[in-house]
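S.K.: Pasting a structure below so you can have a look.
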Amino acid sequence: MRRSIRDMPASPDRLTVNPLHRRSGDPDSISKHRLAETGMEPLTAFHAVRDETMLDGNARLNLATFVTTWMDDEADELYRGAFDKNMIDKDEYPQTAAIEQYCQRIIADLWHAPDPDSAPATSTVGSSEACMLAGIALKRRWQHRREAAGADSARPNLVMSSAVQVCWEKFCNYFEVEARFVPVSAEHPVLDGPGLADAVDERTIGVVGILGVTYTGAYEPIAELQRALDAIERDRGLDIPIHVDAASGGMIAPFLQPELAWDFRLPRVASINTSGHKYGLVYPGLGWVVWRDADALPESMVFRVSYLGGDTPTLALNFSRPGAQVLLQFYLFLRLGRAGYTEVQGESRRVAMHLSSAIGAMAAFELVSDGSTIPVFAWRLREGHSENWTLYDLSDRLRMRGWLVPAYPMPADLEETTVQRIVVRNGLTMDLAEALLDVVREEVAYLDALESPLPRPTSGQAFAH
């Protein structure tokens, strides 16, 4: 006798449709990996997809991600009205293109571009695309200079800290540039000048400085990098530009550390990127990249389109992406202004430093950073505190309670050090922070009470995003 689908055992390859949501004619289950011959009612499909995502973590309790997980109702309404607009189609959506330019000029002004109204810039799908474009510009500028001097333009290299985000490794891989990593160490946990002289040569297209290292939140001292490169130019005649990867810090430093010289106030800074969907406070995915001036962006990278009877440059790796996030960025610029951004980012830093102070005071831990730069901090297990548990065990225990607080090894040359990190974003209130601290204290007490190591030790991989 032939069994019906509902009599068959559950399969990980099939999605079971809740009978309460199933409409007449809809299947009991459907393949997850092959397109079915017939579809199902929209409401049934809606519930099936929503049910499938129920095991995703609570975004407000995700302290691993830098990405914005909450915006207000007005932003949600703007998003719903604009997610069908293709940002790249500037002829079809000229006002969205104009708003993109408004945002570019605001950001260029925040970063002290010599002439914000003429500084080349573009929105991107995120900081990774922005970094790719900035890296290509560095490579082409170097190639053009070499060719003009009659020198060969093979084997370019890019110098950076071993703590860079993985997108820079991707750039070097995809665009055939040698990645030269200056190792971090306990004495030099960021790229701060020493080691540059040995890493750079006449084939170096640029140096990447990070304003907000993802591992710890630390700022690399861009002004010190410039001084080191100035000395190299005096000694060896190498004129090497800087790109600042300000994915996180680019929308923090202008408001919380306005006196810090890290941006276009430093003449070697040729370009800067940031993530609008991180501390720009916009839903994913949105990035920005700005060049100092037209000389910093090779004309060969620019495509030109006409709209509103004029001519505008455009550049991007993606040729179809939503324009809604650009509108949301402009909405926030209008809604918050400088004072509002300063207040929002300041509150996130206040929460971060409250958390870091409390965690640093616990006998089990010692701080690696405190959240005083971007609202991100990390800590390690105090040496000799326990042989029975690790930070990976604590991360697992917190995950059981709904909190995502990752543990991971530090970058190459410090990989023997494991840290745990919290990213504070708008929406993590002081009340939630207190609730988290209560959970941390409870779970540390549980782990400290162990009389032997956990039966199945957990292990972690490098954390990258």
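Here, A, B, ... name the chains of the structure tokens in the order displayed, residue numbers run from 1 inside each chain, and ligands are numbered from 1 in the same displayed order.
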Please list as a PyMOL selection string every residue within 9 Å of segment 362-371 of chain A, counting only C-alpha atoms and excluding residues in the same chain fewer than 4 positions away.
M.R.: chain A and resi 216-218+349-353+355-358+375-383+385-386+419+423-424+441+444+448
S.K.: Could you list, as a PyMOL selection string, every residue within 9 Å of Leu428 of chain A, counting only C-alpha atoms and ignoring same-chain residues fewer than 5 positions away?
M.R.: chain A and resi 60-61+63+348+351+433
S.K.: For Ala324 of chain A, which residue out of A:Leu398, A:Leu78, A:Ala59, A:Ala179 is the nearest one, using only C-alpha atoms?
M.R.: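 Answer, going by the shortest atom-to-atom distance: A:Leu78.
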S.K.: Which of these, A:Ser161, A:Thr342, A:Asn173, A:Thr96, has the shortest distance to Gly195 of chain A once you count only C-alpha atoms?
M.R.: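 Between A:Ser161, A:Thr342, A:Asn173, A:Thr96, the residue approaching Gly195 of chain A most closely is A:Ser161.
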S.K.: List as a list in words the protein and nucleic acid residues near segment 401-405 of chain A, meaning an atom at most 10 Å away when only C-alpha atoms are counted, but skip any in the same chain fewer than 3 places from it.
M.R.: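 Within the cut-off, the hits are Gly57, Asn58, Ala59, Arg60, Leu61, Asn62, Leu63, Ala64, Thr65, Leu391, Tyr392, Leu394, Ser395, Asp396, Arg397, Leu398, Gln420, Arg421, Ile422, Val423, Leu436, Val439, Val440 and Glu443 of chain A.
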S.K.: Quick one: distance from atom CA of Ala163 of chain A to atom CA of Val184 of chain A in Å, one decimal?
M.R.: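 Atom-to-atom, atom CA of Ala163 of chain A to atom CA of Val184 of chain A, that is 7.1 Å.
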S.K.: From the set A:Ala197, A:Val207, A:Trp142, A:His47, which residue has the shortest atom-to-atom contact distance to Arg236 of chain A, counting only C-alpha atoms?
M.R.: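 Closest residue, counting only C-alpha atoms: A:Ala197.
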S.K.: Determine which residues of segment 28-248 of chain A DSSP labels as strand (DSSP E) from the backbone of this structure, then write them out as an NGL selection string.
M.R.: :A and (29-31 or 121-124 or 157-161 or 178-182 or 204-210 or 242-245)
S.K.: Just write the chosen residues, N, CA and C atoms, as a PDB file, in the first residue's frame.
M.R.:
ATOM      1  N   SER A  29       4.710  18.763   2.517  1.00  0.00           N
ATOM      2  CA  SER A  29       6.120  19.131   2.662  1.00  0.00           C
ATOM      3  C   SER A  29       6.659  19.445   1.275  1.00  0.00           C
ATOM      4  N   ILE A  30       7.820  20.063   1.247  1.00  0.00           N
ATOM      5  CA  ILE A  30       8.386  20.477  -0.033  1.00  0.00           C
ATOM      6  C   ILE A  30       9.902  20.424   0.065  1.00  0.00           C
ATOM      7  N   SER A  31      10.569  20.115  -1.038  1.00  0.00           N
ATOM      8  CA  SER A  31      12.027  20.009  -1.042  1.00  0.00           C
ATOM      9  C   SER A  31      12.670  21.361  -0.737  1.00  0.00           C
ATOM     10  N   ALA A 121      33.371  60.364  -4.604  1.00  0.00           N
ATOM     11  CA  ALA A 121      32.825  59.459  -3.595  1.00  0.00           C
ATOM     12  C   ALA A 121      31.745  58.606  -4.235  1.00  0.00           C
ATOM     13  N   THR A 122      31.394  57.540  -3.552  1.00  0.00           N
ATOM     14  CA  THR A 122      30.273  56.719  -3.995  1.00  0.00           C
ATOM     15  C   THR A 122      29.745  55.915  -2.825  1.00  0.00           C
ATOM     16  N   SER A 123      28.471  55.572  -2.910  1.00  0.00           N
ATOM     17  CA  SER A 123      27.922  54.572  -2.002  1.00  0.00           C
ATOM     18  C   SER A 123      28.239  53.197  -2.567  1.00  0.00           C
ATOM     19  N   THR A 124      28.247  52.202  -1.693  1.00  0.00           N
ATOM     20  CA  THR A 124      28.514  50.825  -2.093  1.00  0.00           C
ATOM     21  C   THR A 124      27.574  49.910  -1.323  1.00  0.00           C
ATOM     22  N   ASN A 157      52.432  45.675  -4.284  1.00  0.00           N
ATOM     23  CA  ASN A 157      52.129  45.149  -2.961  1.00  0.00           C
ATOM     24  C   ASN A 157      51.389  46.185  -2.126  1.00  0.00           C
ATOM     25  N   LEU A 158      50.654  45.702  -1.148  1.00  0.00           N
ATOM     26  CA  LEU A 158      49.891  46.552  -0.229  1.00  0.00           C
ATOM     27  C   LEU A 158      50.288  46.164   1.182  1.00  0.00           C
ATOM     28  N   VAL A 159      50.590  47.152   2.027  1.00  0.00           N
ATOM     29  CA  VAL A 159      51.086  46.912   3.380  1.00  0.00           C
ATOM     30  C   VAL A 159      49.992  47.197   4.384  1.00  0.00           C
ATOM     31  N   MET A 160      49.840  46.289   5.351  1.00  0.00           N
ATOM     32  CA  MET A 160      48.775  46.430   6.348  1.00  0.00           C
ATOM     33  C   MET A 160      49.117  45.603   7.575  1.00  0.00           C
ATOM     34  N   SER A 161      48.361  45.827   8.631  1.00  0.00           N
ATOM     35  CA  SER A 161      48.505  45.040   9.848  1.00  0.00           C
ATOM     36  C   SER A 161      47.950  43.642   9.633  1.00  0.00           C
ATOM     37  N   GLU A 178      50.272  41.730  -3.988  1.00  0.00           N
ATOM     38  CA  GLU A 178      50.905  41.009  -2.881  1.00  0.00           C
ATOM     39  C   GLU A 178      50.489  41.647  -1.556  1.00  0.00           C
ATOM     40  N   ALA A 179      49.958  40.846  -0.657  1.00  0.00           N
ATOM     41  CA  ALA A 179      49.603  41.332   0.684  1.00  0.00           C
ATOM     42  C   ALA A 179      50.818  41.222   1.588  1.00  0.00           C
ATOM     43  N   ARG A 180      51.236  42.348   2.143  1.00  0.00           N
ATOM     44  CA  ARG A 180      52.357  42.351   3.082  1.00  0.00           C
ATOM     45  C   ARG A 180      51.825  42.726   4.466  1.00  0.00           C
ATOM     46  N   PHE A 181      51.880  41.773   5.365  1.00  0.00           N
ATOM     47  CA  PHE A 181      51.321  41.970   6.697  1.00  0.00           C
ATOM     48  C   PHE A 181      52.428  42.311   7.691  1.00  0.00           C
ATOM     49  N   VAL A 182      52.232  43.399   8.399  1.00  0.00           N
ATOM     50  CA  VAL A 182      53.116  43.732   9.513  1.00  0.00           C
ATOM     51  C   VAL A 182      52.541  43.049  10.747  1.00  0.00           C
ATOM     52  N   THR A 204      55.210  49.318  -3.484  1.00  0.00           N
ATOM     53  CA  THR A 204      54.111  49.451  -2.523  1.00  0.00           C
ATOM     54  C   THR A 204      53.104  50.473  -3.031  1.00  0.00           C
ATOM     55  N   ILE A 205      51.858  50.040  -3.208  1.00  0.00           N
ATOM     56  CA  ILE A 205      50.819  50.944  -3.723  1.00  0.00           C
ATOM     57  C   ILE A 205      50.202  51.777  -2.611  1.00  0.00           C
ATOM     58  N   GLY A 206      50.334  51.344  -1.370  1.00  0.00           N
ATOM     59  CA  GLY A 206      49.763  52.097  -0.267  1.00  0.00           C
ATOM     60  C   GLY A 206      49.857  51.322   1.030  1.00  0.00           C
ATOM     61  N   VAL A 207      49.490  51.996   2.109  1.00  0.00           N
ATOM     62  CA  VAL A 207      49.421  51.400   3.446  1.00  0.00           C
ATOM     63  C   VAL A 207      47.990  51.553   3.937  1.00  0.00           C
ATOM     64  N   VAL A 208      47.442  50.490   4.506  1.00  0.00           N
ATOM     65  CA  VAL A 208      46.090  50.519   5.072  1.00  0.00           C
ATOM     66  C   VAL A 208      46.189  50.716   6.576  1.00  0.00           C
ATOM     67  N   GLY A 209      45.500  51.733   7.078  1.00  0.00           N
ATOM     68  CA  GLY A 209      45.365  51.939   8.516  1.00  0.00           C
ATOM     69  C   GLY A 209      43.917  51.680   8.908  1.00  0.00           C
ATOM     70  N   ILE A 210      43.712  51.124  10.099  1.00  0.00           N
ATOM     71  CA  ILE A 210      42.371  50.728  10.530  1.00  0.00           C
ATOM     72  C   ILE A 210      41.891  51.645  11.646  1.00  0.00           C
ATOM     73  N   ILE A 242      48.115  56.618   2.100  1.00  0.00           N
ATOM     74  CA  ILE A 242      47.413  55.846   3.119  1.00  0.00           C
ATOM     75  C   ILE A 242      45.946  55.742   2.736  1.00  0.00           C
ATOM     76  N   HIS A 243      45.403  54.530   2.875  1.00  0.00           N
ATOM     77  CA  HIS A 243      43.944  54.378   2.872  1.00  0.00           C
ATOM     78  C   HIS A 243      43.519  54.053   4.288  1.00  0.00           C
ATOM     79  N   VAL A 244      42.473  54.729   4.770  1.00  0.00           N
ATOM     80  CA  VAL A 244      41.968  54.473   6.118  1.00  0.00           C
ATOM     81  C   VAL A 244      40.705  53.622   6.018  1.00  0.00           C
ATOM     82  N   ASP A 245      40.796  52.403   6.560  1.00  0.00           N
ATOM     83  CA  ASP A 245      39.627  51.535   6.664  1.00  0.00           C
ATOM     84  C   ASP A 245      38.900  51.929   7.948  1.00  0.00           C
TER      85      ASP A 245
END
S.K.: Taking 6 positions as the minimum chain separation for residues in the same chain, which residues sit within 12 Å of Asp235 of chain A when counting only C-alpha atoms? Answer as a count of residues only.
M.R.: 4
S.K.: With DSSP run on the backbone, what are the alpha helix (DSSP H) residues within segment 3-185 of chain A? I'd like them as number ranges by chain.
M.R.: A: 42-52, 73-80, 94-110, 127-148, 166-174
S.K.: Atom CA of Pro116 of chain A to atom CA of Asn86 of chain A: how many Å, to one decimal?
M.R.: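 Answer for the atom CA of Pro116 of chain A to atom CA of Asn86 of chain A separation: 25.4 Å.
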S.K.: So which one's closest to Arg425 of chain A, A:Leu454, A:Met400, A:Leu35, A:Val344? Using only C-alpha atoms, please.
M.R.: A:Val344
